[in-house]
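Shown next: model.txt, containing compact mmCIF, C-alpha atoms and all ligand atoms.
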```txt
# COMPACT_ATOMS: atom_id res chain seq x y z
CA MET O 1 21.23 8.04 1.51
CA ARG O 2 19.47 10.31 -0.91
CA LEU O 3 18.28 13.65 0.40
CA VAL O 4 14.95 14.99 -0.84
CA GLN O 5 13.51 18.33 0.22
CA ILE O 6 9.81 19.03 0.27
CA ALA O 7 9.86 22.80 0.52
CA GLY O 8 7.32 25.56 0.03
CA TYR O 9 5.55 28.33 1.85
CA LEU O 10 3.64 27.92 5.10
CA GLY O 11 0.56 25.77 4.76
CA SER O 12 1.22 24.92 1.13
CA GLY O 13 0.60 21.21 1.74
CA LYS O 14 4.09 19.84 2.50
CA THR O 15 3.15 17.58 5.42
CA THR O 16 0.05 16.26 3.68
CA PHE O 17 2.15 15.33 0.64
CA LEU O 18 4.94 13.92 2.76
CA LEU O 19 2.59 11.60 4.64
CA ALA O 20 1.38 10.12 1.36
CA LEU O 21 4.89 10.02 -0.10
CA VAL O 22 6.40 8.18 2.83
CA GLN O 23 3.69 5.57 2.59
CA LYS O 24 4.40 5.16 -1.12
CA LEU O 25 8.12 4.78 -0.51
CA ALA O 26 7.48 2.18 2.18
CA GLU O 27 5.29 0.22 -0.26
CA ASN O 28 8.28 0.21 -2.58
CA ASP O 29 10.45 -1.27 0.17
CA LYS O 30 12.46 1.90 0.63
CA LYS O 31 13.92 2.69 4.00
CA VAL O 32 13.04 6.28 4.79
CA ALA O 33 14.07 8.74 7.49
CA ILE O 34 11.96 11.87 7.98
CA LEU O 35 13.15 15.17 9.32
CA VAL O 36 10.62 17.91 9.99
CA ASN O 37 11.27 21.43 11.13
CA ASP O 38 8.26 23.30 12.36
CA MET O 39 7.98 27.04 12.87
CA GLY O 40 7.00 27.96 16.37
CA GLU O 41 8.02 26.73 19.76
CA ILE O 42 5.64 23.79 19.94
CA PRO O 43 5.95 21.41 17.00
CA VAL O 44 2.71 20.21 15.48
CA ASP O 45 3.77 18.39 12.31
CA GLY O 46 6.00 15.90 14.14
CA LYS O 47 3.10 15.03 16.40
CA VAL O 48 0.72 14.56 13.47
CA MET O 49 3.19 12.30 11.68
CA GLU O 50 3.78 10.25 14.81
CA LYS O 51 0.04 9.82 15.17
CA ALA O 52 0.02 8.57 11.59
CA GLY O 53 2.46 5.89 12.72
CA MET O 54 5.65 7.43 11.43
CA LYS O 55 8.94 7.80 13.17
CA VAL O 56 10.09 11.36 12.75
CA LYS O 57 13.05 13.44 13.78
CA ASP O 58 11.57 16.72 14.83
CA ILE O 59 13.60 19.92 15.05
CA GLY O 60 11.66 22.84 16.50
CA GLY O 61 12.03 26.36 17.83
CA GLY O 62 13.68 27.93 14.83
CA CYS O 63 14.59 27.36 11.23
CA VAL O 64 17.07 24.70 10.07
CA CYS O 65 18.18 26.82 7.15
CA CYS O 66 19.68 29.41 9.50
CA THR O 67 19.40 29.62 13.29
CA LEU O 68 19.29 25.83 13.68
CA SER O 69 21.78 25.00 10.94
CA GLY O 70 24.02 23.24 13.48
CA SER O 71 21.16 21.01 14.59
CA LEU O 72 20.39 20.15 11.00
CA MET O 73 23.96 19.11 10.27
CA ASN O 74 24.29 17.05 13.44
CA THR O 75 20.98 15.34 12.77
CA LEU O 76 21.89 14.50 9.17
CA LEU O 77 25.19 13.11 10.33
CA ALA O 78 23.54 10.99 13.02
CA ILE O 79 20.86 9.68 10.65
CA GLY O 80 23.48 8.84 8.03
CA ARG O 81 25.72 7.02 10.50
CA GLU O 82 23.08 5.29 12.60
CA GLN O 83 20.27 4.51 10.16
CA ASN O 84 21.72 4.88 6.69
CA PRO O 85 18.28 4.94 5.04
CA ASP O 86 17.62 4.90 1.28
CA PHE O 87 15.99 8.32 1.58
CA ILE O 88 16.15 11.18 4.00
CA ILE O 89 13.14 13.40 3.39
CA ILE O 90 13.32 16.89 4.85
CA GLU O 91 10.34 19.15 5.37
CA PRO O 92 11.81 22.53 6.26
CA THR O 93 9.73 25.40 7.65
CA GLY O 94 7.57 27.32 5.23
CA ILE O 95 9.98 30.24 5.31
CA ALA O 96 13.18 28.27 4.76
CA VAL O 97 15.51 28.80 1.83
CA PRO O 98 16.06 25.38 0.20
CA LYS O 99 19.48 26.29 -1.18
CA ASN O 100 20.81 26.92 2.33
CA ILE O 101 19.73 23.45 3.38
CA THR O 102 21.38 21.90 0.34
CA GLU O 103 24.59 23.75 1.16
CA LEU O 104 24.53 22.54 4.75
CA ALA O 105 23.90 18.98 3.58
CA GLN O 106 26.78 19.25 1.12
CA ARG O 107 29.07 20.00 4.04
CA VAL O 108 27.76 16.97 5.90
CA SER O 109 28.30 14.85 2.78
CA LYS O 110 32.05 15.16 3.34
CA LYS O 111 31.60 13.08 6.46
CA VAL O 112 28.79 10.70 5.55
CA GLU O 113 27.50 9.46 2.21
CA ILE O 114 24.69 11.70 0.91
CA SER O 115 23.40 11.98 -2.63
CA PHE O 116 21.00 14.65 -3.72
CA GLY O 117 17.51 13.97 -4.97
CA ALA O 118 14.96 16.43 -6.23
CA THR O 119 14.15 19.61 -4.37
CA ILE O 120 10.40 19.89 -4.68
CA THR O 121 8.71 23.17 -3.82
CA LEU O 122 4.97 23.47 -3.36
CA PHE O 123 3.15 26.60 -4.50
CA ASP O 124 -0.34 27.00 -3.03
CA THR O 125 -2.71 27.74 -5.91
CA THR O 126 -5.53 28.65 -3.51
CA ARG O 127 -3.52 31.66 -2.30
CA ALA O 128 -1.62 32.38 -5.49
CA GLU O 129 -2.47 36.06 -5.74
CA LYS O 130 -1.74 36.84 -2.10
CA LEU O 131 1.60 35.09 -2.29
CA VAL O 132 2.84 37.44 -4.97
CA THR O 133 1.21 40.63 -3.67
CA TYR O 134 3.59 41.61 -0.87
CA ASP O 135 7.17 42.36 -1.87
CA THR O 136 8.99 40.63 0.98
CA LEU O 137 6.79 37.59 0.72
CA LYS O 138 7.11 37.44 -3.03
CA ARG O 139 10.90 37.50 -2.71
CA LEU O 140 10.77 34.56 -0.31
CA ILE O 141 8.47 32.56 -2.56
CA SER O 142 10.62 33.40 -5.54
CA THR O 143 13.79 32.32 -3.72
CA GLN O 144 12.18 29.01 -2.78
CA ILE O 145 11.02 28.40 -6.31
CA LYS O 146 14.33 29.41 -7.89
CA ASP O 147 16.08 26.77 -5.78
CA SER O 148 13.88 23.89 -6.85
CA ASP O 149 14.00 21.19 -9.50
CA ILE O 150 10.27 20.61 -9.48
CA VAL O 151 7.48 22.97 -8.50
CA ALA O 152 4.18 21.41 -7.52
CA LEU O 153 1.16 23.66 -7.92
CA SER O 154 -0.64 22.38 -4.83
CA LYS O 155 -4.33 22.01 -3.91
CA VAL O 156 -5.52 22.16 -7.51
CA ASP O 157 -8.73 20.46 -6.32
CA ALA O 158 -9.66 23.61 -4.40
CA CYS O 159 -9.14 26.34 -6.98
CA ASP O 160 -10.37 27.17 -10.46
CA ALA O 161 -8.60 26.90 -13.80
CA ASP O 162 -7.71 30.61 -13.80
CA ALA O 163 -5.88 30.31 -10.50
CA ILE O 164 -3.90 27.34 -11.82
CA LYS O 165 -3.01 29.24 -14.99
CA PHE O 166 -1.98 32.31 -12.98
CA SER O 167 0.11 30.17 -10.61
CA LYS O 168 1.85 28.44 -13.47
CA GLU O 169 2.74 31.73 -15.13
CA GLU O 170 4.09 33.24 -11.92
CA VAL O 171 6.14 30.15 -11.14
CA ALA O 172 7.53 29.97 -14.68
CA LYS O 173 8.66 33.59 -14.38
CA MET O 174 10.45 32.79 -11.12
CA ASN O 175 12.11 29.64 -12.43
CA PRO O 176 11.92 28.96 -16.17
CA ASN O 177 13.86 25.70 -15.76
CA ALA O 178 11.76 23.96 -13.16
CA GLU O 179 9.36 21.24 -14.09
CA ILE O 180 5.87 22.32 -13.04
CA ILE O 181 3.33 19.71 -11.96
CA ASN O 182 -0.27 20.11 -10.81
CA LEU O 183 -0.77 18.47 -7.43
CA SER O 184 -3.71 17.57 -5.30
CA THR O 185 -2.64 15.17 -2.61
CA LYS O 186 -6.22 15.15 -1.45
CA GLU O 187 -7.52 13.79 -4.75
CA GLY O 188 -4.39 12.08 -5.98
CA VAL O 189 -3.70 14.44 -8.90
CA GLY O 190 -0.01 14.48 -9.86
CA PHE O 191 0.92 12.42 -6.86
CA GLU O 192 2.25 9.36 -8.72
CA GLU O 193 4.32 11.55 -10.99
CA LEU O 194 5.90 13.37 -8.06
CA ALA O 195 6.49 10.18 -6.13
CA SER O 196 8.26 8.68 -9.15
CA ALA O 197 10.39 11.80 -9.45
CA VAL O 198 11.43 11.40 -5.83
CA MET O 199 12.43 7.80 -6.47
CA GLU O 200 14.19 8.41 -9.75
CA ILE O 201 15.78 11.83 -9.83
CA GLU O 202 19.30 12.31 -8.63
CA VAL O 203 20.93 15.68 -9.22
CA SER O 204 24.58 16.48 -9.11
CA ALA O 205 25.31 18.53 -6.04
CA MET U 206 8.97 33.84 17.92
CA THR U 207 9.58 36.63 15.45
CA PHE U 208 12.25 36.45 12.81
CA THR U 209 14.03 39.72 12.24
CA THR U 210 17.02 40.78 10.23
CA ASP U 211 19.21 40.99 13.30
CA LYS U 212 22.77 40.62 12.02
CA ASP U 213 23.88 39.42 15.46
CA GLN U 214 21.91 36.26 14.88
CA ASP U 215 24.56 35.04 12.48
CA HIS U 216 25.54 31.40 12.89
CA ASP U 217 28.81 30.57 14.57
CA HIS U 218 31.90 30.38 12.46
CA ASP U 219 34.11 27.85 14.15
CA HIS U 220 33.61 25.44 11.28
CA ASP U 221 35.32 24.88 7.99
CA HIS U 222 32.79 25.94 5.39
CA ASP U 223 33.51 28.21 2.51
CA HIS U 224 30.20 29.52 1.24
CA ASP U 225 29.77 33.23 0.78
CA HIS U 226 27.60 34.70 3.50
CA ASP U 227 24.92 36.32 1.42
CA HIS U 228 22.24 35.22 3.89
CA ASP U 229 19.16 34.97 1.79
CA TRP U 230 17.29 33.99 4.92
CA ASP U 231 17.74 37.35 6.61
CA GLU U 232 15.19 38.75 4.29
CA ALA U 233 13.37 35.48 3.70
CA HIS U 234 12.10 35.44 7.26
CA GLU U 235 11.09 39.05 7.43
CA GLY U 236 7.48 39.80 8.28
CA THR U 237 6.56 36.38 9.63
CA ALA U 238 5.62 35.90 13.27
CA ALA U 239 4.74 32.73 15.14
CA TYR U 240 2.99 32.16 18.42
CA ALA U 241 2.39 28.82 20.10
CA CYS U 242 0.33 27.96 23.15
CA LYS U 243 -0.87 24.98 25.11
CA CYS U 244 -3.79 24.81 27.53
CA VAL U 245 -6.24 22.42 29.10
CA VAL U 246 -9.98 22.79 28.51
CA SER U 247 -12.54 21.19 30.83
CA THR U 248 -15.66 20.20 28.96
CA SER U 249 -17.32 18.59 32.03
CA ARG U 250 -18.56 15.74 29.82
CA SER U 251 -17.20 13.62 27.03
CA LEU U 252 -17.72 15.35 23.66
CA SER U 253 -18.53 13.39 20.52
CA ARG U 254 -16.29 13.23 17.46
CA GLU U 255 -18.68 15.58 15.62
CA GLU U 256 -18.57 18.07 18.48
CA TYR U 257 -14.77 18.04 18.38
CA HIS U 258 -14.79 18.59 14.63
CA SER U 259 -17.12 21.53 14.89
CA LEU U 260 -15.25 23.01 17.86
CA ALA U 261 -11.97 22.67 15.97
CA LYS U 262 -13.39 24.53 12.98
CA GLU U 263 -14.84 27.22 15.20
CA LEU U 264 -11.46 27.71 16.86
CA MET U 265 -9.53 27.89 13.58
CA GLY U 266 -12.04 30.32 12.10
CA ALA U 267 -12.02 32.58 15.16
CA ILE U 268 -8.22 32.75 15.31
CA ALA U 269 -8.00 33.53 11.60
CA ASP U 270 -10.64 36.25 11.94
CA GLY U 271 -8.78 37.71 14.91
CA CYS U 272 -5.54 37.79 12.93
CA TRP U 273 -7.21 39.48 9.95
CA GLU U 274 -8.65 42.07 12.37
CA GLN U 275 -5.15 42.70 13.71
CA GLY U 276 -4.02 43.45 10.17
CA ALA U 277 -2.63 40.13 8.98
CA GLN U 278 -1.74 40.18 5.28
CA VAL U 279 -1.51 36.44 4.83
CA ILE U 280 -2.54 33.67 7.18
CA GLY U 281 0.59 31.56 6.87
CA HIS U 282 -0.80 28.57 8.71
CA ILE U 283 -2.85 28.18 11.87
CA LYS U 284 -2.70 24.59 13.10
CA ALA U 285 -3.74 22.88 16.27
CA TYR U 286 -4.27 19.54 17.87
CA MET U 287 -6.54 18.41 20.65
CA GLU U 288 -5.94 15.36 22.80
CA SER U 289 -8.71 13.93 24.92
CA GLY U 290 -8.48 10.48 26.46
CA ASP U 291 -7.34 8.24 23.60
CA ALA U 292 -8.66 10.54 20.88
CA PHE U 293 -6.58 12.89 18.76
CA PHE U 294 -7.89 15.71 16.57
CA TYR U 295 -5.90 17.86 14.19
CA ALA U 296 -7.16 21.12 12.71
CA SER U 297 -5.67 23.57 10.26
CA THR U 298 -6.47 26.62 8.18
CA VAL U 299 -4.63 28.91 5.80
CA GLY U 300 -7.37 31.50 6.05
CA ASN U 301 -9.96 30.19 3.64
CA PRO U 302 -13.16 29.44 5.60
CA ASP U 303 -14.36 27.03 2.89
CA ASP U 304 -11.23 24.90 3.00
CA MET U 305 -10.53 24.09 6.64
CA THR U 306 -9.14 20.72 7.62
CA VAL U 307 -10.01 18.59 10.61
CA LYS U 308 -8.67 15.07 10.91
CA ASP U 309 -8.89 12.63 13.76
CA LYS U 310 -7.54 9.45 15.14
CA GLY U 311 -10.46 7.94 16.97
CA GLY U 312 -10.67 6.85 20.55
CA GLU U 313 -12.64 7.50 23.71
CA THR U 314 -12.70 11.13 24.75
CA SER U 315 -12.63 12.23 28.38
CA ASP U 316 -14.20 15.25 30.12
CA LYS U 317 -11.28 17.48 29.14
CA PHE U 318 -8.77 18.01 26.38
CA GLN U 319 -5.36 19.47 25.92
CA LEU U 320 -5.22 22.07 23.20
CA THR U 321 -2.01 22.97 21.36
CA ILE U 322 -1.99 25.77 18.82
CA ASN U 323 0.58 27.18 16.45
CA SER U 324 -0.32 30.42 14.64
CA ILE U 325 2.09 31.58 11.97
CA ILE U 326 1.14 34.83 10.34
CA PHE U 327 2.59 37.22 7.78
CA GLY U 328 2.23 40.97 8.20
CA ILE U 329 1.73 41.49 11.95
CA GLU U 330 4.05 41.24 14.95
CA GLU U 331 4.12 38.39 17.40
CA THR U 332 2.31 40.37 20.13
CA LYS U 333 -0.65 40.76 17.79
CA VAL U 334 -0.62 37.10 16.78
CA LYS U 335 -0.61 36.20 20.48
CA LEU U 336 -3.40 38.61 21.28
CA ALA U 337 -5.58 37.37 18.43
CA THR U 338 -4.94 33.71 19.24
CA ASP U 339 -5.49 33.98 23.01
CA LYS U 340 -8.59 36.12 22.63
CA ALA U 341 -10.17 33.81 20.06
CA VAL U 342 -9.49 30.72 22.15
CA GLU U 343 -10.99 32.29 25.27
CA ALA U 344 -14.06 33.49 23.38
CA VAL U 345 -14.78 30.14 21.70
CA ILE U 346 -14.18 28.13 24.88
CA SER U 347 -16.44 30.30 27.01
CA LYS U 348 -19.12 30.55 24.30
CA ASN U 349 -19.35 26.75 24.39
CA GLY U 350 -19.64 26.76 28.18
CA PHE U 351 -16.23 25.17 28.77
CA SER U 352 -13.47 26.36 31.06
CA LEU U 353 -9.84 26.91 30.30
CA THR U 354 -6.69 26.46 32.38
CA ARG U 355 -3.41 27.78 31.07
N1 LIG O 401 -7.85 21.18 -0.79
C1 LIG O 401 -6.66 20.70 -0.46
N2 LIG O 401 -6.12 21.05 0.72
C2 LIG O 401 -4.92 20.54 1.03
C3 LIG O 401 -4.18 19.67 0.15
N3 LIG O 401 -3.01 19.39 0.73
C4 LIG O 401 -3.01 20.02 1.92
N4 LIG O 401 -4.15 20.73 2.12
C5 LIG O 401 -4.54 21.50 3.29
O1 LIG O 401 -3.69 22.63 3.43
C6 LIG O 401 -3.41 22.89 4.80
C7 LIG O 401 -1.92 22.87 5.03
O2 LIG O 401 -1.42 21.57 4.76
P1 LIG O 401 -0.05 21.03 5.36
O3 LIG O 401 0.24 19.76 4.65
O4 LIG O 401 -0.09 21.01 6.82
O5 LIG O 401 0.91 22.20 4.87
P2 LIG O 401 2.45 22.45 5.25
O6 LIG O 401 3.07 23.03 4.06
O7 LIG O 401 3.05 21.21 5.80
O8 LIG O 401 2.32 23.54 6.41
P3 LIG O 401 3.51 24.08 7.36
O9 LIG O 401 4.37 22.92 7.73
O10 LIG O 401 2.82 24.67 8.52
O11 LIG O 401 4.23 25.12 6.57
C8 LIG O 401 -4.13 21.79 5.59
O12 LIG O 401 -5.34 22.31 6.04
C9 LIG O 401 -4.34 20.70 4.57
O13 LIG O 401 -5.45 19.89 4.83
C10 LIG O 401 -4.79 19.33 -1.11
O14 LIG O 401 -4.26 18.59 -1.94
N5 LIG O 401 -6.03 19.88 -1.35
MG MG O 402 4.08 20.92 7.57
```
Could you express the structure from this file as structure tokens?
Amino acid sequence: MRLVQIAGYLGSGKTTFLLALVQKLAENDKKVAILVNDMGEIPVDGKVMEKAGMKVKDIGGGCVCCTLSGSLMNTLLAIGREQNPDFIIIEPTGIAVPKNITELAQRVSKKVEISFGATITLFDTTRAEKLVTYDTLKRLISTQIKDSDIVALSKVDACDADAIKFSKEEVAKMNPNAEIINLSTKEGVGFEELASAVMEIEVSA
Amino acid sequence: MTFTTDKDQDHDHDHDHDHDHDHDWDEAHEGTAAYACKCVVSTSRSLSREEYHSLAKELMGAIADGCWEQGAQVIGHIKAYMESGDAFFYASTVGNPDDMTVKDKGGETSDKFQLTINSIIFGIEETKVKLATDKAVEAVISKNGFSLTR
């Protein structure tokens, strides 16, 4: 199974993108398993995805990149052994460090076959300035972006050209190697391109 | 739930990994606090879809305002769902009053709904997130003439 992470700060649009992506993958006859990790004791995303008719493995009450790392590894192992899907799509919490999740998955890949697809990180253009204003927050955002293959500048339908330009510059400073794509899941901008990247890209772990 | 940089929270080490424990997440999680709650609201009649949409927006806006008042620096994500009879409503905001989301999965509503909220905020502690969330919910529910059971 190929592991794809849809990462990015809180509320950046991960679940909205994932819902559309999973549908797209299903249309392409791909077998997909979804793993969501919500911040907070009561999971909301898992419920929303279930209501949208998706079967989701929901890990709540902490963060899979750290406090719940054991749960993440056990779940990946179980999904690999029991379902062996084409894709396992992970939506970590908005404060997770993608690299930690990749490392955990690499350990699991010694026990069950896992290949590594793109790590996609969303950067919310509607809050671009705020996200880089506070030092601790900026370090988190920067860590997330540094760890990604593709950065999607999200919600471009809801911000002006200046905000997109600013976002792109900030992201490029944080990760000069990442591919940067404008995304509006709401209006379909960049969606096909990102979905193709998910289906095509395989990185060496 | 508040994430801190408590070194005691380290993961257990009875496994065979070999990565260097630089723990990016210690700092990554700093400053973010989450509060979740669940309650039942009696509306005494069946509300329409439009009424649910407008109530959902009012709730999201009031919680966000409460968090800003408590000193929030960034509204990470405030999200909620309401279940009434067969109907399901989902609401969310990242602090921009012009870009709030409400979605629904239709169905008959009953004379009450279960409300589930998750507020995740950067820049204030959990007690303040809780205070802002609880206060806003109580205010909006009573303003609309409904009653709340925790
Ligand atoms: N305008 C606009 N809003 C969007 C878009 N995508 C998502 N949103 C809104 O942004 C908010 C957050 O979206 P989610 O998809 O829940 O974000 P998330 O990253 O999964 O959030 P967490 O899991 O809580 O970190 C919701 O109110 C969405 O409706 C988009 O393309 N355009
Ligand atoms: Mg989400």
**Message:** Residues within 7 Å of Val203 (chain O), please, as number ranges by chain. Count only C-alpha atoms; anything in the same chain fewer than 5 positions from it doesn't count.
**Reply:** O: 116-118
For the selection you just gave me, I'd like the residues written to a file as a PDB file, keeping the file's coordinate frame, keeping C-alpha atoms.
```
ATOM      1  CA  PHE O 116      21.000  14.650  -3.720  1.00  0.00           C
ATOM      2  CA  GLY O 117      17.510  13.970  -4.970  1.00  0.00           C
ATOM      3  CA  ALA O 118      14.960  16.430  -6.230  1.00  0.00           C
TER       4      ALA O 118
END
```
**Selection: 8 Å around region 332-349 of chain U, all atoms listed in the file, excl. self and same-chain fewer than 2 positions, as a VMD selection string** = chain U and resid 238 to 241 246 263 to 264 267 to 268 271 to 272 275 324 to 326 329 to 330 351 to 353
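Near chain U, counting all atoms listed in the file at 8 Å, the chain O residues are Tyr9, Leu10, Gly11, Met39, Gly40, Glu41, Ile42, Pro43, Val44, Val48, Lys51, Cys65, Cys66, Thr67, Ser69, Ile95, Ala96, Val97, Arg107, Lys130, Leu131, Thr136, Leu137, Arg139, Leu140 and Ala158 of chain O.
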Could those selected residues go to a file with C-alpha atoms, as a compact mmCIF listing (two decimals), in the frame of the given file?
```
# COMPACT_ATOMS: atom_id res chain seq x y z
CA TYR O 9 5.55 28.33 1.85
CA LEU O 10 3.64 27.92 5.10
CA GLY O 11 0.56 25.77 4.76
CA MET O 39 7.98 27.04 12.87
CA GLY O 40 7.00 27.96 16.37
CA GLU O 41 8.02 26.73 19.76
CA ILE O 42 5.64 23.79 19.94
CA PRO O 43 5.95 21.41 17.00
CA VAL O 44 2.71 20.21 15.48
CA VAL O 48 0.72 14.56 13.47
CA LYS O 51 0.04 9.82 15.17
CA CYS O 65 18.18 26.82 7.15
CA CYS O 66 19.68 29.41 9.50
CA THR O 67 19.40 29.62 13.29
CA SER O 69 21.78 25.00 10.94
CA ILE O 95 9.98 30.24 5.31
CA ALA O 96 13.18 28.27 4.76
CA VAL O 97 15.51 28.80 1.83
CA ARG O 107 29.07 20.00 4.04
CA LYS O 130 -1.74 36.84 -2.10
CA LEU O 131 1.60 35.09 -2.29
CA THR O 136 8.99 40.63 0.98
CA LEU O 137 6.79 37.59 0.72
CA ARG O 139 10.90 37.50 -2.71
CA LEU O 140 10.77 34.56 -0.31
CA ALA O 158 -9.66 23.61 -4.40
```
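The space between atom P3 of ligand LIG 401 (chain O) and CA of Thr93 (chain O) spans 6.4 Å.
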**Prompt:** Pick from O:Leu122, O:Ile88, O:Ile141, O:Val108: nearest to ligand MG 402 (chain O), with only C-alpha atoms and all ligand atoms counted?
**Reply:** O:Leu122
**Request:** Within 12 Å of Glu255 (chain U), counting all atoms listed in the file, which residues show up once you throw out same-chain ones fewer than 2 positions away? Write them as number ranges by chain, please.
**Result:** U: 251-253, 257-262, 294, 307-309, 311, 314
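Candidate residues O:Lys146, O:Lys173, O:Lys99, O:Lys47 were compared for distance to ligand MG 402 (chain O), and the nearest is O:Lys47, using only C-alpha atoms and all ligand atoms.
Comparing U:Met287, U:Val245, U:Ala292, U:Met265 by their smallest distance to ligand LIG 401 (chain O), the closest is U:Met265 (using only C-alpha atoms and all ligand atoms).
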